[in-house]
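Peer 1: Following this line is model37.cif, made up of mmCIF, C-alpha atoms:
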```
data_data
loop_
_atom_site.label_atom_id
_atom_site.label_comp_id
_atom_site.auth_asym_id
_atom_site.auth_seq_id
_atom_site.Cartn_x
_atom_site.Cartn_y
_atom_site.Cartn_z
CA MET A 1 143.97 72.82 164.63
CA LYS A 2 145.90 71.85 167.77
CA ASN A 3 149.24 72.26 166.00
CA LEU A 4 148.43 75.89 165.20
CA PHE A 5 148.81 76.74 168.89
CA ASP A 6 151.83 74.52 169.53
CA LEU A 7 154.88 76.47 170.75
CA THR A 8 157.20 73.51 171.21
CA GLY A 9 160.81 74.60 170.78
CA LYS A 10 159.95 78.30 170.75
CA VAL A 11 161.77 80.78 172.99
CA ALA A 12 159.79 83.63 174.51
CA ILE A 13 160.95 86.76 176.30
CA VAL A 14 158.38 88.13 178.76
CA THR A 15 158.96 91.39 180.61
CA GLY A 16 157.35 91.98 183.98
CA SER A 17 157.49 88.26 184.70
CA SER A 18 157.44 88.23 188.50
CA ARG A 19 153.70 88.39 189.16
CA GLY A 20 150.23 89.19 187.82
CA LEU A 21 149.70 89.28 184.08
CA GLY A 22 153.36 88.59 183.30
CA GLN A 23 153.45 85.48 185.41
CA ALA A 24 150.27 84.12 183.81
CA ILE A 25 151.69 84.85 180.35
CA CYS A 26 154.88 82.93 181.15
CA VAL A 27 152.88 79.93 182.34
CA ALA A 28 150.56 79.99 179.33
CA LEU A 29 153.49 79.96 176.90
CA ALA A 30 155.21 77.16 178.83
CA GLU A 31 152.05 75.06 178.92
CA ASN A 32 152.06 75.18 175.13
CA GLY A 33 155.70 74.15 174.78
CA ALA A 34 157.77 77.33 174.94
CA ASN A 35 160.85 78.03 177.03
CA VAL A 36 160.77 81.42 178.72
CA VAL A 37 163.19 84.21 179.54
CA GLY A 38 161.53 86.28 182.25
CA VAL A 39 162.59 89.86 182.90
CA SER A 40 161.75 91.67 186.13
CA GLN A 41 163.21 93.84 188.83
CA SER A 42 161.87 91.69 191.67
CA SER A 43 162.38 87.95 191.99
CA SER A 44 160.70 85.64 189.47
CA GLU A 45 161.38 82.49 191.49
CA GLU A 46 157.69 81.71 191.81
CA THR A 47 157.25 82.16 188.08
CA LYS A 48 160.22 79.88 187.43
CA SER A 49 158.63 77.17 189.55
CA LEU A 50 155.29 77.49 187.76
CA VAL A 51 156.92 77.44 184.31
CA GLU A 52 158.89 74.32 185.16
CA LYS A 53 155.77 72.68 186.57
CA ALA A 54 154.10 73.43 183.22
CA GLY A 55 156.94 71.61 181.43
CA GLY A 56 159.03 74.57 180.29
CA LYS A 57 162.48 75.90 181.10
CA PHE A 58 162.96 79.35 182.59
CA ALA A 59 165.82 81.84 182.67
CA TRP A 60 165.61 85.09 184.61
CA VAL A 61 167.13 88.49 183.88
CA LYS A 62 167.00 90.96 186.74
CA ALA A 63 166.55 94.38 185.17
CA ASP A 64 165.27 97.88 185.75
CA LEU A 65 163.38 98.51 182.52
CA THR A 66 163.02 102.24 183.07
CA THR A 67 166.35 102.37 181.21
CA LEU A 68 167.69 100.57 178.13
CA GLU A 69 170.78 99.21 179.88
CA ALA A 70 169.54 95.62 180.06
CA VAL A 71 168.34 95.22 176.45
CA ASP A 72 171.47 93.49 175.18
CA GLU A 73 171.67 91.29 178.29
CA ILE A 74 168.10 90.13 177.75
CA ILE A 75 168.77 89.11 174.16
CA ASN A 76 172.11 87.52 175.01
CA THR A 77 170.56 85.49 177.85
CA ALA A 78 167.91 84.11 175.51
CA LYS A 79 170.46 83.16 172.86
CA GLU A 80 173.05 81.76 175.26
CA THR A 81 170.48 79.76 177.25
CA PHE A 82 168.08 78.61 174.53
CA GLY A 83 169.84 79.40 171.26
CA ARG A 84 167.36 81.82 169.70
CA VAL A 85 164.38 84.15 170.17
CA ASP A 86 160.91 83.59 168.70
CA ILE A 87 158.48 85.59 170.82
CA LEU A 88 158.59 88.88 172.73
CA VAL A 89 155.83 89.94 175.11
CA ASN A 90 156.22 93.55 176.25
CA ASN A 91 154.22 93.28 179.44
CA ALA A 92 156.19 95.33 181.99
CA GLY A 93 154.45 98.54 182.94
CA THR A 94 153.45 100.80 185.78
CA ILE A 95 150.86 103.42 186.62
CA ARG A 96 150.88 106.48 188.88
CA ARG A 97 147.74 108.41 189.73
CA ALA A 98 147.49 112.16 190.28
CA ASP A 99 145.40 115.04 188.98
CA ALA A 100 146.79 116.21 185.64
CA VAL A 101 147.28 119.72 187.04
CA ASP A 102 149.65 118.31 189.68
CA TYR A 103 151.43 115.65 187.61
CA THR A 104 155.21 115.68 188.02
CA GLU A 105 157.84 115.48 185.31
CA LYS A 106 159.51 112.55 187.09
CA ASP A 107 156.32 110.48 187.14
CA TRP A 108 155.72 111.32 183.48
CA ASP A 109 159.25 110.31 182.46
CA ASP A 110 159.33 107.13 184.56
CA ILE A 111 156.09 105.86 183.07
CA LEU A 112 156.87 106.77 179.46
CA ASN A 113 160.35 105.24 179.77
CA LEU A 114 159.07 101.91 181.08
CA ASN A 115 155.75 101.57 179.31
CA LEU A 116 156.77 102.91 175.92
CA LYS A 117 160.46 103.64 175.31
CA THR A 118 161.83 100.31 176.53
CA ALA A 119 159.02 98.39 174.83
CA PHE A 120 159.92 100.03 171.51
CA PHE A 121 163.67 99.56 171.71
CA LEU A 122 163.39 95.98 172.98
CA SER A 123 161.05 95.27 170.06
CA GLN A 124 163.58 96.85 167.70
CA ARG A 125 166.37 94.67 169.08
CA VAL A 126 164.29 91.50 168.92
CA ALA A 127 163.15 92.30 165.38
CA LYS A 128 166.80 92.44 164.29
CA GLU A 129 167.23 88.93 165.71
CA PHE A 130 164.13 87.74 163.86
CA MET A 131 165.45 89.20 160.61
CA GLU A 132 168.81 87.55 161.09
CA GLN A 133 167.19 84.20 161.91
CA LYS A 134 164.97 84.56 158.80
CA GLN A 135 162.12 82.59 160.36
CA GLY A 136 159.81 85.42 161.37
CA GLY A 137 158.66 85.98 164.92
CA LYS A 138 155.93 87.29 167.17
CA ILE A 139 155.81 90.50 169.19
CA VAL A 140 152.89 91.01 171.58
CA ASN A 141 152.51 94.34 173.33
CA ILE A 142 150.29 94.76 176.37
CA ALA A 143 148.05 97.74 175.73
CA SER A 144 145.08 98.84 177.89
CA MET A 145 141.53 100.11 177.88
CA LEU A 146 143.30 103.48 178.00
CA THR A 147 144.67 102.77 174.53
CA PHE A 148 141.11 103.68 173.51
CA GLN A 149 139.95 105.97 176.30
CA GLY A 150 141.29 108.90 178.30
CA GLY A 151 140.88 107.69 181.84
CA ILE A 152 140.98 109.84 184.98
CA ARG A 153 144.08 110.98 186.88
CA VAL A 154 146.46 108.85 184.79
CA PRO A 155 147.70 111.15 181.99
CA ALA A 156 151.13 109.55 181.57
CA TYR A 157 149.75 106.01 181.61
CA THR A 158 147.12 106.98 179.04
CA ALA A 159 149.77 108.61 176.86
CA SER A 160 151.97 105.52 177.04
CA LYS A 161 149.22 103.04 176.29
CA SER A 162 147.73 105.14 173.49
CA ALA A 163 151.21 105.25 171.99
CA ILE A 164 151.66 101.50 172.38
CA GLY A 165 148.60 101.05 170.19
CA GLY A 166 150.06 103.30 167.53
CA VAL A 167 153.52 101.77 167.70
CA THR A 168 152.01 98.29 167.38
CA LYS A 169 150.41 99.29 164.09
CA ALA A 170 153.49 101.15 162.85
CA LEU A 171 155.82 98.22 163.49
CA ALA A 172 153.36 95.77 161.94
CA ASN A 173 153.34 97.88 158.79
CA GLU A 174 157.13 97.80 158.51
CA TRP A 175 157.90 94.29 159.67
CA ALA A 176 155.09 92.09 158.31
CA LYS A 177 157.13 91.56 155.14
CA TYR A 178 159.76 89.79 157.26
CA GLY A 179 157.20 87.37 158.69
CA ILE A 180 157.12 89.29 161.96
CA ASN A 181 153.68 89.70 163.49
CA VAL A 182 153.27 92.67 165.83
CA ASN A 183 150.00 92.78 167.74
CA ALA A 184 148.72 93.87 171.13
CA ILE A 185 146.38 92.72 173.87
CA ALA A 186 144.31 95.34 175.68
CA PRO A 187 143.32 93.89 179.04
CA GLY A 188 140.20 95.23 180.66
CA TYR A 189 140.02 95.97 184.35
CA MET A 190 142.14 93.22 185.86
CA ALA A 191 142.60 92.24 189.49
CA THR A 192 146.31 93.07 189.65
CA ASP A 193 148.58 95.40 191.62
CA ASN A 194 147.90 98.20 189.12
CA THR A 195 144.21 98.25 190.00
CA GLN A 196 144.54 97.74 193.76
CA ALA A 197 143.64 101.36 194.49
CA LEU A 198 140.54 101.16 192.32
CA ARG A 199 139.36 97.91 193.83
CA ALA A 200 139.89 99.29 197.33
CA ASP A 201 137.66 102.29 196.51
CA GLU A 202 134.21 100.78 197.02
CA LYS A 203 132.38 103.46 195.03
CA ARG A 204 134.82 103.41 192.10
CA SER A 205 134.92 99.63 192.05
CA GLU A 206 131.15 99.45 191.91
CA GLU A 207 131.07 101.97 189.04
CA ILE A 208 133.56 99.90 187.07
CA LEU A 209 131.85 96.56 187.68
CA SER A 210 128.45 98.00 186.70
CA ARG A 211 129.81 98.73 183.23
CA ILE A 212 131.49 95.36 182.60
CA PRO A 213 128.98 93.03 180.89
CA ALA A 214 130.80 90.01 182.30
CA GLY A 215 130.11 91.41 185.78
CA ARG A 216 133.54 90.78 187.28
CA TRP A 217 137.12 91.97 187.34
CA GLY A 218 139.36 90.10 184.95
CA THR A 219 142.11 87.77 186.15
CA PRO A 220 145.60 87.16 184.80
CA GLU A 221 144.41 83.75 183.61
CA ASP A 222 141.92 85.48 181.29
CA LEU A 223 144.86 86.62 179.13
CA MET A 224 146.35 83.16 178.65
CA GLY A 225 144.43 82.14 175.55
CA ALA A 226 144.92 85.50 173.85
CA VAL A 227 148.69 85.53 174.34
CA VAL A 228 149.07 81.95 173.07
CA PHE A 229 147.00 82.84 170.00
CA LEU A 230 149.09 85.91 169.18
CA SER A 231 152.34 84.04 169.85
CA SER A 232 151.54 81.02 167.69
CA ALA A 233 151.01 80.06 164.06
CA ALA A 234 147.28 80.52 164.63
CA SER A 235 147.81 84.28 164.21
CA ASP A 236 150.14 84.25 161.21
CA TYR A 237 147.83 86.55 159.22
CA VAL A 238 147.02 88.86 162.11
CA ASN A 239 149.03 92.09 161.91
CA GLY A 240 148.73 95.35 163.81
CA HIS A 241 145.66 94.23 165.74
CA ILE A 242 144.75 95.27 169.29
CA LEU A 243 142.77 92.43 170.88
CA ALA A 244 140.59 93.59 173.78
CA VAL A 245 140.23 91.07 176.59
CA ASP A 246 137.85 93.15 178.65
CA GLY A 247 134.70 91.28 179.59
CA GLY A 248 132.81 93.45 177.10
CA TRP A 249 133.86 96.85 178.53
CA LEU A 250 134.42 98.48 175.13
CA ALA A 251 131.17 97.09 173.76
CA ARG A 252 129.14 98.82 176.46
#
```
How does this structure look as structure tokens?
Peer 2:
Amino acid sequence: MKNLFDLTGKVAIVTGSSRGLGQAICVALAENGANVVGVSQSSSEETKSLVEKAGGKFAWVKADLTTLEAVDEIINTAKETFGRVDILVNNAGTIRRADAVDYTEKDWDDILNLNLKTAFFLSQRVAKEFMEQKQGGKIVNIASMLTFQGGIRVPAYTASKSAIGGVTKALANEWAKYGINVNAIAPGYMATDNTQALRADEKRSEEILSRIPAGRWGTPEDLMGAVVFLSSAASDYVNGHILAVDGGWLAR
């Protein structure tokens, strides 16, 4: 069974690698043998140090993922540094809160571009590499509780994460025949930058915690097992699935 989760020699691209969920994902993959190409707009030096401490190698691409300009550079860095690509984790994302009646076009476009458009076209580019390599590959998208629910004051984020769920299934349908597994992880309410405003609101935080059967906010480390599973041979017959890591939120 241990070999099913072994990622030795694999090369993973992880977007949003500088902190939070992305950093934990990079470390988890490295701990199981993978080398990592991290992509972020802010420095991933801390992530690099943690990956190397875990026994992996790390290359960093500085990129603004609200545009597609860096897609080729990301792929080229992976191939030039490590020789191939085996895993893509589309983790980079952002959220902006405002009443729907006041939501701006700029906020809508920025969020959809980062959370959805770049994730799709980076997946497309990586899938072409997988097909050329003829050894399959793994794509893991980071979805959300708002893949399943509407949320409050986050219409663009909800739209993007609902779409990520649909795109995950659509790509799995087309690419499974090439040995490419496309799945998603839907984190619950995690203690990250994206939820800082919620956690700072004592009333809202209490409302959220009262609904989570596990009784606590999730941590980036809670995603580590799920991402290794979906990136490894252990999930070879898992296609188009959205795995909730939510402390039981959706079961409530």
Peer 1: Within 10 Å of stretch 90-107 of chain A, counting all atoms listed in the file, which residues qualify if same-chain residues fewer than 6 places away don't, as a ChimeraX atom specification?
Peer 2: /A:13-18,21-23,25,39-41,65-66,113-116,118-120,122-123,139-143,152-158,160-161,164,184-185,193-195,197
Peer 1: Report the residues retrieved by the PyMOL selection byres ((chain A and resi 235-246) around 6) from the displayed file, expressed as number ranges by chain.
Peer 2: A: 168-169, 172, 181-188, 230, 233-234, 247-249
Peer 1: Grab the residues selected above and save them as a tab-separated table (two decimals), keeping the file's coordinate frame with C-alpha atoms.
Peer 2:
```
chain	number	residue	atom	x	y	z
A	168	THR	CA	152.01	98.29	167.38
A	169	LYS	CA	150.41	99.29	164.09
A	172	ALA	CA	153.36	95.77	161.94
A	181	ASN	CA	153.68	89.70	163.49
A	182	VAL	CA	153.27	92.67	165.83
A	183	ASN	CA	150.00	92.78	167.74
A	184	ALA	CA	148.72	93.87	171.13
A	185	ILE	CA	146.38	92.72	173.87
A	186	ALA	CA	144.31	95.34	175.68
A	187	PRO	CA	143.32	93.89	179.04
A	188	GLY	CA	140.20	95.23	180.66
A	230	LEU	CA	149.09	85.91	169.18
A	233	ALA	CA	151.01	80.06	164.06
A	234	ALA	CA	147.28	80.52	164.63
A	247	GLY	CA	134.70	91.28	179.59
A	248	GLY	CA	132.81	93.45	177.10
A	249	TRP	CA	133.86	96.85	178.53
```
Peer 1: Determine the nearest neighbour of A:Glu129 from the options A:Thr219, A:Ser232, A:Ser144, A:Asn76, counting all atoms listed in the file.
Peer 2: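 Using all atoms listed in the file, the shortest distance to A:Glu129 belongs to A:Asn76.
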Peer 1: Could you spell out the hits of the PyMOL selection byres ((chain A and resi 33) around 7) on the shown file, as a list in words?
Peer 2: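 What the PyMOL selection byres ((chain A and resi 33) around 7) grabs from the file is Asp6, Leu7, Thr8, Gly9, Leu29, Ala30, Glu31, Asn32, Ala34, Asn35 and Gly56 of chain A.
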Peer 1: Quick check on the file I pasted: which residues fall under the PyMOL selection byres ((chain A and resi 134) around 12)? Write them as a list in words.
Peer 2: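 What the PyMOL selection byres ((chain A and resi 134) around 12) grabs from the file is Arg84, Val85, Asp86, Ala127, Lys128, Glu129, Phe130, Met131, Glu132, Gln133, Gln135, Gly136, Gly137, Lys177, Tyr178, Gly179 and Ile180 of chain A.
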Peer 1: For the residues selected in the previous step, produce a file with C-alpha atoms as a PDB file, in the coordinates of the input.
Peer 2:
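Final output, out_28.pdb:
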```pdb
ATOM      1  CA  ARG A  84     167.360  81.820 169.700  1.00  0.00           C
ATOM      2  CA  VAL A  85     164.380  84.150 170.170  1.00  0.00           C
ATOM      3  CA  ASP A  86     160.910  83.590 168.700  1.00  0.00           C
ATOM      4  CA  ALA A 127     163.150  92.300 165.380  1.00  0.00           C
ATOM      5  CA  LYS A 128     166.800  92.440 164.290  1.00  0.00           C
ATOM      6  CA  GLU A 129     167.230  88.930 165.710  1.00  0.00           C
ATOM      7  CA  PHE A 130     164.130  87.740 163.860  1.00  0.00           C
ATOM      8  CA  MET A 131     165.450  89.200 160.610  1.00  0.00           C
ATOM      9  CA  GLU A 132     168.810  87.550 161.090  1.00  0.00           C
ATOM     10  CA  GLN A 133     167.190  84.200 161.910  1.00  0.00           C
ATOM     11  CA  GLN A 135     162.120  82.590 160.360  1.00  0.00           C
ATOM     12  CA  GLY A 136     159.810  85.420 161.370  1.00  0.00           C
ATOM     13  CA  GLY A 137     158.660  85.980 164.920  1.00  0.00           C
ATOM     14  CA  LYS A 177     157.130  91.560 155.140  1.00  0.00           C
ATOM     15  CA  TYR A 178     159.760  89.790 157.260  1.00  0.00           C
ATOM     16  CA  GLY A 179     157.200  87.370 158.690  1.00  0.00           C
ATOM     17  CA  ILE A 180     157.120  89.290 161.960  1.00  0.00           C
TER      18      ILE A 180
END
```
Peer 1: Quick one: of A:Lys57, A:Gly166, A:Val11, A:Ala191, who's nearest to A:Arg216, counting only C-alpha atoms?
Peer 2: A:Ala191
Peer 1: Mind giving me the straight-line distance from atom CA of A:Ile74 to atom CA of A:Val37 in Å, one decimal?
Peer 2: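 Rounded to one decimal, the two atoms are 7.9 Å apart.
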Peer 1: Find the distance between atom CA of A:Gln196 and atom CA of A:Ser43 and write it in Å to one decimal.
Peer 2: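 That distance, rounded to one decimal, is 20.4 Å.
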Peer 1: Between A:Arg252, A:Val27, A:Thr192, A:Ala176, which is the closest to A:Leu209 once you count all atoms listed in the file?
Peer 2: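 Of all the options, A:Arg252 lies closest to A:Leu209.
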Peer 1: Distance atom CA of A:Glu52-atom CA of A:Gly20, one decimal place?
Peer 2: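 These atoms are spaced 17.4 Å apart.
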